[in-house]
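Asks: Supplied structure: final.txt, compact mmCIF, C-alpha atoms and all ligand atoms.
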# COMPACT_ATOMS: atom_id res chain seq x y z
CA MET A 1 26.25 -8.79 32.38
CA PHE A 2 22.93 -10.59 32.69
CA ASN A 3 22.67 -12.86 35.72
CA ASP A 4 22.03 -16.58 35.37
CA PRO A 5 18.34 -17.45 35.23
CA ALA A 6 16.73 -18.57 38.43
CA GLU A 7 14.91 -21.50 36.93
CA ILE A 8 14.50 -23.60 33.77
CA ASN A 9 11.47 -25.86 33.87
CA ASP A 10 10.99 -29.37 32.47
CA VAL A 11 10.03 -28.19 28.99
CA GLY A 12 12.90 -25.69 28.80
CA VAL A 13 11.14 -22.40 29.61
CA VAL A 14 13.69 -20.10 31.21
CA HIS A 15 12.41 -17.88 33.98
CA TYR A 16 14.32 -14.60 34.19
CA PRO A 17 13.37 -12.88 37.46
CA ASP A 18 14.18 -9.39 36.15
CA LEU A 19 12.40 -9.73 32.78
CA ASP A 20 8.73 -8.92 32.29
CA ASN A 21 6.55 -11.74 30.93
CA HIS A 22 4.67 -9.79 28.28
CA VAL A 23 5.50 -11.01 24.77
CA ARG A 24 4.92 -8.12 22.38
CA ILE A 25 3.29 -9.17 19.15
CA PHE A 26 4.78 -7.34 16.15
CA ASP A 27 2.70 -7.92 13.05
CA THR A 28 4.42 -7.58 9.68
CA THR A 29 1.58 -8.75 7.41
CA LEU A 30 1.58 -5.33 5.74
CA ARG A 31 5.34 -5.37 5.07
CA ASP A 32 6.93 -8.86 5.00
CA GLY A 33 3.50 -10.42 4.31
CA GLU A 34 2.95 -8.13 1.36
CA GLN A 35 6.36 -9.27 0.02
CA SER A 36 4.78 -12.71 -0.66
CA ALA A 37 4.90 -13.44 -4.38
CA GLY A 38 1.78 -11.98 -6.00
CA ALA A 39 0.32 -10.45 -2.83
CA SER A 40 0.17 -6.74 -3.40
CA LEU A 41 -2.36 -4.79 -1.37
CA HIS A 42 -4.19 -1.57 -2.20
CA PRO A 43 -3.73 1.20 0.45
CA TYR A 44 -7.44 0.94 1.27
CA GLU A 45 -7.00 -2.80 1.94
CA LYS A 46 -3.91 -2.15 4.08
CA LEU A 47 -5.91 0.26 6.21
CA GLN A 48 -8.73 -2.29 6.68
CA ILE A 49 -6.22 -4.95 7.75
CA ALA A 50 -4.52 -2.48 10.12
CA LYS A 51 -7.89 -1.76 11.75
CA ASN A 52 -8.40 -5.49 12.32
CA LEU A 53 -4.89 -5.81 13.75
CA GLU A 54 -5.79 -3.05 16.19
CA LYS A 55 -8.98 -4.98 17.11
CA LEU A 56 -6.74 -7.98 17.80
CA ARG A 57 -4.74 -5.74 20.17
CA VAL A 58 -1.49 -6.33 18.31
CA ASP A 59 1.28 -4.35 20.08
CA ILE A 60 3.19 -3.18 17.00
CA ILE A 61 2.08 -2.97 13.36
CA GLU A 62 4.81 -2.75 10.74
CA ALA A 63 2.79 -0.79 8.20
CA GLY A 64 5.23 -0.86 5.27
CA PHE A 65 8.52 0.26 3.76
CA PRO A 66 7.97 3.99 3.11
CA ALA A 67 11.08 4.51 0.94
CA SER A 68 9.97 1.76 -1.46
CA SER A 69 7.29 3.85 -3.21
CA GLU A 70 5.17 6.98 -2.85
CA GLN A 71 2.10 4.77 -2.52
CA ASP A 72 3.61 2.82 0.39
CA PHE A 73 4.75 6.06 2.05
CA ASN A 74 1.19 7.45 1.86
CA SER A 75 -0.30 4.17 3.05
CA VAL A 76 2.00 4.03 6.11
CA ARG A 77 1.17 7.66 6.90
CA GLU A 78 -2.58 7.01 6.66
CA ILE A 79 -2.31 4.00 8.97
CA ALA A 80 -0.15 6.04 11.41
CA ALA A 81 -2.79 8.78 11.48
CA THR A 82 -5.67 6.34 12.06
CA ILE A 83 -4.50 3.64 14.48
CA GLU A 84 -4.44 4.61 18.14
CA TYR A 85 -3.76 1.47 20.18
CA SER A 86 -0.79 -0.13 18.38
CA THR A 87 2.70 1.26 17.81
CA ILE A 88 3.20 1.99 14.10
CA ALA A 89 6.57 1.02 12.62
CA GLY A 90 8.05 1.48 9.16
CA LEU A 91 11.07 -0.32 7.73
CA ALA A 92 14.28 1.38 6.58
CA ARG A 93 17.64 0.17 5.29
CA CYS A 94 20.68 1.69 6.99
CA LYS A 95 20.33 4.74 4.76
CA GLN A 96 19.52 8.27 5.95
CA SER A 97 16.91 8.85 3.22
CA ASP A 98 15.07 5.58 4.13
CA ILE A 99 15.11 6.47 7.84
CA GLN A 100 13.90 10.00 7.16
CA ALA A 101 11.07 8.60 4.99
CA VAL A 102 9.96 6.29 7.82
CA TRP A 103 9.99 9.16 10.28
CA ASP A 104 8.02 11.44 7.93
CA ALA A 105 5.41 8.67 7.51
CA VAL A 106 5.07 7.53 11.14
CA LYS A 107 5.59 10.72 13.14
CA VAL A 108 1.83 11.43 13.22
CA ALA A 109 1.25 8.14 15.06
CA LYS A 110 0.43 8.15 18.76
CA LYS A 111 3.26 5.62 19.17
CA PRO A 112 5.79 5.78 16.28
CA ARG A 113 8.75 3.44 15.74
CA ILE A 114 11.62 3.42 13.25
CA HIS A 115 12.82 -0.06 12.28
CA THR A 116 16.20 -0.12 10.57
CA PHE A 117 18.15 -3.16 9.42
CA ILE A 118 21.42 -4.32 7.89
CA ALA A 119 22.69 -7.82 7.13
CA THR A 120 25.38 -9.17 9.48
CA SER A 121 26.22 -12.63 8.07
CA ASP A 122 29.49 -12.93 6.14
CA ILE A 123 27.66 -14.27 3.11
CA HIS A 124 25.57 -11.06 2.92
CA ILE A 125 28.40 -8.72 3.95
CA GLU A 126 30.66 -10.07 1.23
CA ALA A 127 28.30 -11.01 -1.60
CA LYS A 128 25.71 -8.25 -1.21
CA PHE A 129 27.72 -5.30 0.13
CA ASN A 130 31.36 -6.12 -0.64
CA LYS A 131 32.22 -4.58 2.75
CA THR A 132 34.01 -5.65 5.93
CA ARG A 133 32.38 -6.61 9.24
CA GLU A 134 33.77 -3.43 10.79
CA GLU A 135 32.24 -1.24 8.08
CA VAL A 136 28.84 -2.89 8.59
CA LEU A 137 29.02 -2.44 12.37
CA ASN A 138 29.86 1.26 11.89
CA MET A 139 26.97 1.70 9.44
CA ALA A 140 24.57 0.09 11.91
CA VAL A 141 25.70 2.37 14.76
CA GLU A 142 25.67 5.52 12.62
CA HIS A 143 22.14 4.89 11.36
CA VAL A 144 20.69 3.85 14.70
CA ARG A 145 22.10 7.12 16.07
CA PHE A 146 20.50 9.08 13.26
CA ALA A 147 17.15 7.30 13.80
CA LYS A 148 17.41 8.03 17.53
CA SER A 149 17.81 11.74 16.79
CA LEU A 150 14.29 11.57 15.28
CA CYS A 151 12.40 9.03 17.39
CA GLU A 152 12.60 7.49 20.85
CA ASP A 153 11.46 3.98 19.86
CA ILE A 154 14.12 2.36 17.65
CA GLU A 155 14.28 -1.23 16.45
CA PHE A 156 17.44 -2.62 14.88
CA SER A 157 17.44 -5.90 12.91
CA ALA A 158 20.57 -7.91 12.16
CA GLU A 159 19.39 -9.46 8.89
CA ASP A 160 20.43 -13.12 8.51
CA ALA A 161 21.31 -13.28 12.22
CA GLY A 162 20.62 -17.04 12.08
CA ARG A 163 23.73 -17.46 9.89
CA THR A 164 25.84 -14.73 11.51
CA ASP A 165 29.00 -15.49 13.53
CA PRO A 166 27.59 -15.25 17.09
CA GLU A 167 30.58 -13.33 18.52
CA TYR A 168 30.20 -10.68 15.82
CA LEU A 169 26.44 -10.58 16.37
CA TYR A 170 26.92 -9.92 20.11
CA ALA A 171 29.31 -7.05 19.29
CA VAL A 172 26.84 -5.50 16.81
CA LEU A 173 23.96 -5.78 19.29
CA GLU A 174 25.98 -4.21 22.10
CA ALA A 175 26.99 -1.32 19.84
CA VAL A 176 23.49 -0.56 18.51
CA ILE A 177 22.00 -0.68 22.02
CA ASN A 178 24.63 1.85 23.09
CA ALA A 179 23.61 3.95 20.08
CA GLY A 180 19.96 3.96 21.19
CA ALA A 181 18.20 0.80 19.90
CA THR A 182 15.35 -0.17 22.25
CA THR A 183 14.50 -3.43 20.45
CA VAL A 184 17.06 -5.75 18.86
CA ASN A 185 15.62 -8.18 16.35
CA ILE A 186 17.22 -11.53 15.54
CA PRO A 187 15.90 -12.57 12.13
CA ASP A 188 16.30 -16.11 10.89
CA THR A 189 15.96 -14.57 7.46
CA VAL A 190 16.23 -17.78 5.43
CA GLY A 191 14.57 -20.11 7.94
CA TYR A 192 17.80 -22.06 8.39
CA THR A 193 18.06 -22.67 12.13
CA LEU A 194 16.66 -25.58 14.12
CA PRO A 195 14.53 -24.89 17.21
CA ASN A 196 17.17 -25.78 19.81
CA GLU A 197 19.81 -23.86 17.91
CA PHE A 198 17.66 -20.74 17.67
CA GLY A 199 16.64 -20.99 21.34
CA ARG A 200 20.30 -21.32 22.32
CA LEU A 201 21.17 -18.23 20.24
CA ILE A 202 18.60 -16.13 22.13
CA TYR A 203 19.80 -17.57 25.45
CA ASN A 204 23.39 -16.69 24.60
CA ILE A 205 22.43 -13.16 23.51
CA ARG A 206 20.79 -12.68 26.93
CA HIS A 207 23.97 -13.86 28.62
CA ARG A 208 26.71 -12.51 26.37
CA VAL A 209 25.55 -9.00 25.41
CA PRO A 210 26.47 -6.84 28.43
CA ASN A 211 23.81 -4.13 27.97
CA ILE A 212 21.00 -6.46 26.78
CA ASN A 213 18.71 -5.52 29.65
CA GLN A 214 18.36 -2.06 28.04
CA ALA A 215 16.55 -3.57 25.03
CA VAL A 216 13.81 -6.06 24.13
CA ILE A 217 14.98 -9.09 22.15
CA ALA A 218 12.75 -9.89 19.15
CA THR A 219 12.47 -12.95 16.92
CA HIS A 220 11.67 -12.83 13.20
CA CYS A 221 11.58 -16.41 11.90
CA HIS A 222 10.98 -17.48 8.32
CA ASN A 223 9.43 -20.80 7.42
CA ASP A 224 11.72 -22.33 4.79
CA LEU A 225 11.98 -25.58 6.78
CA GLY A 226 8.49 -25.29 8.30
CA LEU A 227 10.03 -24.30 11.66
CA ALA A 228 9.12 -20.61 11.96
CA VAL A 229 6.58 -21.03 14.77
CA ALA A 230 8.68 -23.61 16.65
CA ASN A 231 11.74 -21.37 16.41
CA SER A 232 9.79 -18.31 17.58
CA LEU A 233 8.45 -20.20 20.59
CA MET A 234 11.96 -21.41 21.41
CA GLY A 235 13.08 -17.78 21.23
CA VAL A 236 10.39 -16.75 23.71
CA MET A 237 11.19 -19.67 26.00
CA ASN A 238 14.78 -18.43 26.12
CA GLY A 239 14.11 -14.76 26.76
CA ALA A 240 12.78 -13.02 23.63
CA ARG A 241 9.88 -10.69 24.46
CA GLN A 242 8.82 -9.62 20.98
CA VAL A 243 7.73 -11.97 18.22
CA GLU A 244 7.47 -10.84 14.61
CA CYS A 245 4.83 -12.67 12.67
CA THR A 246 2.05 -12.40 10.10
CA ILE A 247 -1.58 -13.41 9.78
CA ASN A 248 -1.82 -16.85 8.09
CA GLY A 249 2.01 -16.97 8.13
CA ILE A 250 2.30 -15.19 4.78
CA GLY A 251 5.62 -13.59 3.81
CA GLU A 252 8.73 -13.93 1.67
CA ARG A 253 9.07 -17.41 0.09
CA ALA A 254 7.60 -19.98 2.54
CA GLY A 255 6.43 -17.15 4.77
CA ASN A 256 6.87 -15.93 8.33
CA ALA A 257 5.77 -17.36 11.66
CA ALA A 258 1.95 -17.38 11.87
CA MET A 259 0.63 -15.03 14.56
CA GLU A 260 -2.44 -17.11 15.35
CA GLU A 261 -0.26 -20.18 16.02
CA ILE A 262 2.16 -18.35 18.31
CA VAL A 263 -0.54 -16.63 20.33
CA MET A 264 -2.60 -19.80 20.74
CA GLY A 265 0.52 -21.88 21.44
CA LEU A 266 1.45 -19.61 24.33
CA HIS A 267 -2.16 -19.55 25.56
CA VAL A 268 -3.01 -23.26 25.29
CA ARG A 269 0.31 -24.25 26.93
CA ARG A 270 0.21 -21.56 29.61
CA ASP A 271 0.49 -24.43 32.10
CA VAL A 272 4.24 -24.58 31.32
CA MET A 273 4.97 -21.01 30.21
CA GLN A 274 5.79 -19.60 33.66
CA GLY A 275 3.48 -16.62 33.16
CA ILE A 276 4.79 -15.70 29.69
CA HIS A 277 1.81 -14.36 27.74
CA THR A 278 0.58 -12.04 25.00
CA THR A 279 -2.23 -9.49 25.26
CA VAL A 280 -3.70 -10.30 21.83
CA ASN A 281 -7.46 -10.91 21.69
CA PRO A 282 -7.80 -14.15 19.66
CA LEU A 283 -11.51 -13.61 18.99
CA TYR A 284 -10.74 -11.83 15.70
CA PHE A 285 -8.29 -14.39 14.27
CA TYR A 286 -10.71 -16.14 11.95
CA GLU A 287 -12.23 -12.92 10.59
CA THR A 288 -8.77 -11.37 10.05
CA SER A 289 -7.45 -14.54 8.45
CA ARG A 290 -10.29 -14.53 5.88
CA MET A 291 -9.81 -10.82 5.24
CA VAL A 292 -6.06 -11.22 4.59
CA SER A 293 -6.65 -14.28 2.42
CA GLU A 294 -9.25 -12.52 0.27
CA MET A 295 -7.29 -9.29 -0.10
CA THR A 296 -3.96 -10.98 -0.92
CA SER A 297 -5.56 -13.79 -2.96
CA ILE A 298 -3.47 -16.28 -0.95
CA ALA A 299 -5.68 -19.22 0.03
CA VAL A 300 -5.52 -20.69 3.53
CA GLN A 301 -4.72 -24.41 3.36
CA PRO A 302 -7.64 -26.49 4.79
CA ASN A 303 -5.44 -28.13 7.45
CA LYS A 304 -3.83 -24.84 8.57
CA ALA A 305 -3.70 -24.71 12.38
CA ILE A 306 -6.24 -22.40 14.10
CA VAL A 307 -7.80 -20.83 10.98
CA GLY A 308 -7.91 -23.61 8.34
CA ARG A 309 -11.33 -24.96 7.24
CA ASN A 310 -10.58 -28.32 8.89
CA ALA A 311 -8.95 -26.98 12.08
CA PHE A 312 -12.15 -27.73 14.03
CA ALA A 313 -13.70 -30.43 11.82
CA HIS A 314 -13.99 -34.09 12.85
CA GLU A 315 -15.09 -36.59 10.22
CA SER A 316 -14.22 -40.06 11.43
CA GLY A 317 -16.82 -41.99 13.43
CA ILE A 318 -14.50 -42.59 16.41
CA HIS A 319 -13.57 -38.90 16.68
CA GLN A 320 -17.16 -37.71 16.20
CA ASP A 321 -18.41 -40.11 18.87
CA GLY A 322 -15.66 -39.04 21.31
CA PHE A 323 -16.23 -35.35 20.56
CA LEU A 324 -19.97 -35.67 21.19
CA LYS A 325 -19.26 -37.31 24.56
CA SER A 326 -16.73 -34.62 25.55
CA SER A 327 -15.28 -31.98 23.21
CA GLN A 328 -11.98 -32.20 25.13
CA THR A 329 -11.34 -35.69 23.74
CA TYR A 330 -10.30 -34.21 20.41
CA GLU A 331 -10.09 -30.44 20.87
CA ILE A 332 -7.41 -28.52 22.77
CA MET A 333 -9.19 -25.18 22.38
CA GLU A 334 -12.72 -24.06 21.68
CA PRO A 335 -13.32 -22.79 18.14
CA GLU A 336 -15.32 -19.84 19.49
CA MET A 337 -12.13 -18.54 21.16
CA VAL A 338 -10.61 -17.74 17.77
CA GLY A 339 -13.85 -16.58 16.19
CA VAL A 340 -14.85 -19.83 14.46
CA ALA A 341 -18.63 -20.20 14.84
CA ALA A 342 -18.67 -23.86 15.91
CA THR A 343 -17.03 -27.23 15.57
CA ASP A 344 -17.86 -28.89 12.27
CA LEU A 345 -18.86 -32.55 12.17
CA PRO A 346 -18.85 -33.17 8.41
CA LEU A 347 -20.53 -36.41 7.35
CA GLY A 348 -18.49 -38.62 5.06
CA PRO A 349 -17.66 -42.29 4.41
CA ARG A 350 -15.85 -42.65 7.75
CA SER A 351 -18.57 -41.03 9.87
CA GLY A 352 -20.54 -43.03 12.40
CA ARG A 353 -24.02 -43.23 13.85
CA ALA A 354 -23.51 -40.67 16.64
CA ALA A 355 -22.89 -37.70 14.35
CA LEU A 356 -25.50 -38.93 11.84
CA ARG A 357 -28.16 -39.10 14.54
CA MET A 358 -27.25 -35.60 15.76
CA ARG A 359 -27.41 -34.08 12.27
CA LEU A 360 -30.73 -35.81 11.50
CA LYS A 361 -32.14 -34.53 14.78
CA ALA A 362 -31.10 -30.96 13.91
CA LEU A 363 -33.17 -31.37 10.72
CA GLY A 364 -36.19 -32.50 12.77
CA TYR A 365 -35.80 -36.27 12.29
CA ASP A 366 -35.54 -37.82 15.75
CA LEU A 367 -34.75 -41.50 15.08
CA ASN A 368 -34.49 -44.29 17.67
CA GLY A 369 -31.68 -46.85 17.60
CA GLU A 370 -33.51 -49.37 15.47
CA GLN A 371 -34.60 -46.78 12.92
CA LEU A 372 -31.05 -45.40 12.69
CA GLN A 373 -29.75 -48.91 12.15
CA ALA A 374 -32.09 -49.34 9.18
CA LEU A 375 -31.26 -45.96 7.67
CA PHE A 376 -27.47 -46.32 8.11
CA PRO A 377 -26.76 -48.49 4.99
CA ILE A 378 -28.47 -45.89 2.79
CA PHE A 379 -26.33 -43.18 4.37
CA LYS A 380 -23.15 -45.26 3.80
CA ARG A 381 -23.99 -45.80 0.13
CA VAL A 382 -24.54 -42.06 -0.45
CA ALA A 383 -21.40 -41.14 1.59
CA ASP A 384 -19.25 -43.52 -0.48
CA GLU A 385 -20.62 -42.02 -3.69
CA LYS A 386 -20.48 -38.35 -2.72
CA LYS A 387 -17.63 -38.23 -0.13
CA ARG A 388 -19.44 -35.43 1.74
CA VAL A 389 -23.10 -35.70 2.83
CA GLU A 390 -24.89 -32.34 3.11
CA ASN A 391 -28.30 -31.51 4.61
CA ASP A 392 -30.24 -31.90 1.36
CA ASP A 393 -28.63 -35.37 0.93
CA LEU A 394 -29.82 -36.24 4.45
CA GLN A 395 -33.34 -35.25 3.49
CA SER A 396 -33.24 -37.59 0.45
CA ILE A 397 -31.72 -40.38 2.59
CA HIS A 398 -34.51 -39.97 5.11
CA ALA A 399 -37.15 -39.98 2.33
CA GLU A 400 -35.62 -43.17 0.84
CA TRP A 401 -35.66 -44.89 4.22
CA LEU A 402 -39.32 -43.87 4.70
CA SER A 403 -40.24 -45.28 1.29
CA LEU A 404 -38.65 -48.63 2.27
CA LYS A 405 -40.93 -48.83 5.30
CA VAL A 406 -44.18 -48.54 3.33
O1 LIG B 501 13.67 -11.53 7.17
C1 LIG B 501 14.30 -10.50 7.50
O2 LIG B 501 15.48 -10.53 7.81
C2 LIG B 501 13.56 -9.24 7.47
C3 LIG B 501 14.24 -8.05 8.08
C4 LIG B 501 14.13 -6.87 7.22
C5 LIG B 501 13.70 -7.81 9.46
O3 LIG B 501 12.42 -9.19 7.05
ZN ZN B 502 11.51 -11.24 6.99
Could you rewrite the structure in this file as C-alpha cells?
Replies:
Amino acid sequence: MFNDPAEINDVGVVHYPDLDNHVRIFDTTLRDGEQSAGASLHPYEKLQIAKNLEKLRVDIIEAGFPASSEQDFNSVREIAATIEYSTIAGLARCKQSDIQAVWDAVKVAKKPRIHTFIATSDIHIEAKFNKTREEVLNMAVEHVRFAKSLCEDIEFSAEDAGRTDPEYLYAVLEAVINAGATTVNIPDTVGYTLPNEFGRLIYNIRHRVPNINQAVIATHCHNDLGLAVANSLMGVMNGARQVECTINGIGERAGNAAMEEIVMGLHVRRDVMQGIHTTVNPLYFYETSRMVSEMTSIAVQPNKAIVGRNAFAHESGIHQDGFLKSSQTYEIMEPEMVGVAATDLPLGPRSGRAALRMRLKALGYDLNGEQLQALFPIFKRVADEKKRVENDDLQSIHAEWLSLKV
C-alpha cells in the first residue's frame, strides 16, 4: 500500500517522495480531438500535426483509432513510422481485433503503446453493455493480458471513471495493473466532476490501490462544465503523472483539457508545484494552434488562454500605460515563450496617450506632450467611429492634426 505523503503545501500540492515529478503529456488531438463534430482530418494533415507535436516534445501522441477505418489504420501506421521522439499510441476497445489492429499499426514505432478502454460506471455497464460489474472487470483483465502479449507499454482507461463507484474502480485498477497495464487512465468522460472531487479521486487511487506504484496514473478530463484544465491540474497536484489533452482543447462535445493551458499553468506556477513539471517546449504552441485550427476548421476563440488573438492584447488606457511601464503589471508570461511574436497594444476608444504616442513614434511621428494633447481629440473621434484604429488611420489622424496647425 502506498505510504502517506510527506507533505501537502498551502495550495494543496501533494509531494510524494517516491514519485518522479515528470508529468507526461499525452496528446489526443488526432483521436479525441478529431472526434469533435465536423473536424475530420486528412492523413496528410494528421502527419503534419504529429510532426508539430514532436517539435513540442510531447511525450505520447495518440495517433488514432486503427480499427475504426482503413484510412485511420494507415494514418496511424504512417505516423508510427515517421515520429521518433514521442511514444505512438492507438486506441482499442476491449476487443481482440481492435487490439490487434492497434498493434499492427504502431509496432513500427520506436516507442509503441496500446491503449485499451472499457466503461466502468454502472450507467454504462447497464445501459450500454447490459453486463455485470464482474463481467466488465474480467473483460478488462483478459484484454490487457492480450495486449501485454503483444506490447510492453500498455495503457488501460476506465471510461466514465468520474461517475464510477470508487471501490469498484480501485478493484478494476488493481486487476489491470496485475495483468500488465503500465498506465491507468482516469477519464472524466462527461466532464462531470468538480476540481476538489477529481483531485480527491486521484489521491484516493494513490492510497487505496495496493499495486499503484507499478503504474502511472493519467487524467483525461472533458470540458462539459468548463473544468477540464482545473480538474487535470488537481489530478496532477494529487499524484497523476500523465495528462491527456489536446491542442486548443478540441474534442468530443465541449472538448478536452487544453494542452497549452496545462503546460503553461504548471510552468507559470512552478513556485508552488514542488518540482512537478513537463518537458514540453512551449515555443511551438501558437504555430501548432493555428495549424490545428486551420486543418480542423475549428476557430480559436479570441479570448482563449495562451493562443487566442487577445491573449496578449491590452486595449484600455490604464492597462497600456501600466504595460509600457513594466510588462509584468499585466502579463504573467511573455508572449514570445509560446511563439506569439509580441504583445499587441490595439488602439481603440478606451486607449490612452501612452500607447498612442508609442504607435505614432513607430510610424516616425515623434510628438511632444503638447502636440499629443492637440492630436488626441481627433484620435478619440476616429476611435469612437471605427472601434479599432490601424496604422493607416493614424496617418490620416496625423495629417488632419497637421492641417489644423496651418
Ligand atoms: O473520454 C473518454 O473516456 C475517452 C476514453 C476512450 C479514454 O476518450
Ligand atoms: Zn475522451
Asks: Write as a VMD selection string the residues around ligand ZN 502 (chain B), taking 10 Å as the cut-off and counting all atoms listed in the file.
Replies: chain A and resid 28 31 to 33 35 157 159 to 160 187 to 191 220 to 223 244 to 245 251 to 253 255 to 257
Asks: Dump as a list in words all residues having an atom at most 9 Å from (-7.9, -10.1, 19.8), computed in the file's coordinates with only C-alpha atoms.
Replies: Asn52, Leu53, Glu54, Lys55, Leu56, Arg57, Val58, Thr279, Val280, Asn281, Pro282, Leu283, Tyr284, Phe285 and Val338 of chain A
Asks: Quick one: everything within 12 Å of Ser327 (chain A), counting only C-alpha atoms, minus sequence neighbours fewer than 6 positions away in the same chain. Send it as a list in words.
Replies: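 The filter keeps Phe312, Ala313, His314, His319, Gln320, Asp321, Met333, Glu334, Pro335, Ala342, Thr343, Asp344 and Leu345 of chain A.
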Asks: Which residues are near Arg353 (chain A)? Cut-off 12 Å, all atoms listed in the file, ignore same chain within fewer than 2 positions. Put them as a PyMOL selection string.
Replies: chain A and resi 315-322+324+345+347-351+355-361+367-377+379-380
Asks: Which distance in Å separates CA of Ile49 (chain A) and CA of Ala311 (chain A), to one decimal?
Replies: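 Separation between CA of Ile49 (chain A) and CA of Ala311 (chain A): 22.6 Å.
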Asks: When distances are computed from all atoms listed in the file, which of A:Val11, A:Ala39, A:Val382, A:Ala161 shows the smallest separation from ligand LIG 501 (chain B)?
Replies: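 When distances to ligand LIG 501 (chain B) are compared using all atoms listed in the file, the smallest one comes from A:Ala161.
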Asks: Could you list, as a ChimeraX atom specification, every residue within 8 Å of region 13-27 of chain A, counting all atoms listed in the file and ignoring same-chain residues fewer than 2 positions away?
Replies: /A:5-11,29-30,53,58-62,236-247,259,272-280
Asks: Name the closest residue to Ala119 (chain A) among the candidates A:Leu227, A:Ala81, A:Leu169, A:Leu194; distances are taken between atoms, counting only C-alpha atoms.
Replies: A:Leu169
Asks: For a quick check of understanding, using all atoms listed in the file, which of A:Asp224, A:Asp104, A:Asp366, A:Glu331 has the smallest distance to ligand LIG 501 (chain B)?
Replies: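 Nearest candidate to ligand LIG 501 (chain B) out of A:Asp224, A:Asp104, A:Asp366, A:Glu331: A:Asp224.
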Asks: What is the distance, in Å and to one decimal place, between CA of Val76 (chain A) and CA of Glu287 (chain A)?
Replies: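 Taking CA of Val76 (chain A) as the start and CA of Glu287 (chain A) as the end point, the length is 22.6 Å.
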Asks: Which residue, A:Glu78, A:Glu155, A:Glu390, A:Glu134, has the smallest gap to ligand LIG 501 (chain B) when you use all atoms listed in the file?
Replies: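 When distances to ligand LIG 501 (chain B) are compared using all atoms listed in the file, the smallest one comes from A:Glu155.
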Asks: Would you mind putting back N, CA, C and O atoms on region 245-257 of chain A, then writing it out as an mmCIF file, in the frame of the given file?
Replies:
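See part_34.cif below for the written result:
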data_model
loop_
_atom_site.group_PDB
_atom_site.id
_atom_site.type_symbol
_atom_site.label_atom_id
_atom_site.label_comp_id
_atom_site.auth_asym_id
_atom_site.auth_seq_id
_atom_site.Cartn_x
_atom_site.Cartn_y
_atom_site.Cartn_z
ATOM 1 N N CYS A 245 5.638 -11.627 13.274
ATOM 2 C CA CYS A 245 4.830 -12.670 12.670
ATOM 3 C C CYS A 245 3.798 -12.049 11.734
ATOM 4 O O CYS A 245 3.691 -10.820 11.659
ATOM 5 N N THR A 246 3.078 -12.904 11.022
ATOM 6 C CA THR A 246 2.050 -12.400 10.100
ATOM 7 C C THR A 246 0.784 -13.241 10.241
ATOM 8 O O THR A 246 0.832 -14.393 10.696
ATOM 9 N N ILE A 247 -0.330 -12.665 9.841
ATOM 10 C CA ILE A 247 -1.580 -13.410 9.780
ATOM 11 C C ILE A 247 -1.455 -14.474 8.681
ATOM 12 O O ILE A 247 -0.958 -14.200 7.588
ATOM 13 N N ASN A 248 -1.874 -15.678 8.989
ATOM 14 C CA ASN A 248 -1.820 -16.850 8.090
ATOM 15 C C ASN A 248 -0.378 -17.257 7.759
ATOM 16 O O ASN A 248 -0.159 -18.111 6.902
ATOM 17 N N GLY A 249 0.604 -16.607 8.389
ATOM 18 C CA GLY A 249 2.010 -16.970 8.130
ATOM 19 C C GLY A 249 2.504 -16.559 6.757
ATOM 20 O O GLY A 249 3.496 -17.106 6.272
ATOM 21 N N ILE A 250 1.832 -15.568 6.113
ATOM 22 C CA ILE A 250 2.300 -15.190 4.780
ATOM 23 C C ILE A 250 3.611 -14.395 4.893
ATOM 24 O O ILE A 250 3.930 -13.862 5.956
ATOM 25 N N GLY A 251 4.358 -14.339 3.805
ATOM 26 C CA GLY A 251 5.620 -13.590 3.810
ATOM 27 C C GLY A 251 6.555 -14.121 2.741
ATOM 28 O O GLY A 251 6.205 -15.033 1.995
ATOM 29 N N GLU A 252 7.739 -13.535 2.682
ATOM 30 C CA GLU A 252 8.730 -13.930 1.670
ATOM 31 C C GLU A 252 8.843 -15.456 1.574
ATOM 32 O O GLU A 252 8.900 -16.148 2.591
ATOM 33 N N ARG A 253 8.902 -15.977 0.375
ATOM 34 C CA ARG A 253 9.070 -17.410 0.090
ATOM 35 C C ARG A 253 8.038 -18.270 0.848
ATOM 36 O O ARG A 253 6.834 -18.170 0.604
ATOM 37 N N ALA A 254 8.518 -19.095 1.799
ATOM 38 C CA ALA A 254 7.600 -19.980 2.540
ATOM 39 C C ALA A 254 6.911 -19.246 3.679
ATOM 40 O O ALA A 254 6.165 -19.847 4.451
ATOM 41 N N GLY A 255 7.175 -17.965 3.798
ATOM 42 C CA GLY A 255 6.430 -17.150 4.770
ATOM 43 C C GLY A 255 7.138 -16.941 6.095
ATOM 44 O O GLY A 255 8.279 -17.352 6.309
ATOM 45 N N ASN A 256 6.387 -16.267 6.979
ATOM 46 C CA ASN A 256 6.870 -15.930 8.330
ATOM 47 C C ASN A 256 6.142 -16.818 9.331
ATOM 48 O O ASN A 256 5.220 -17.555 8.979
ATOM 49 N N ALA A 257 6.501 -16.669 10.594
ATOM 50 C CA ALA A 257 5.770 -17.360 11.660
ATOM 51 C C ALA A 257 4.322 -16.841 11.677
ATOM 52 O O ALA A 257 4.091 -15.650 11.506
#
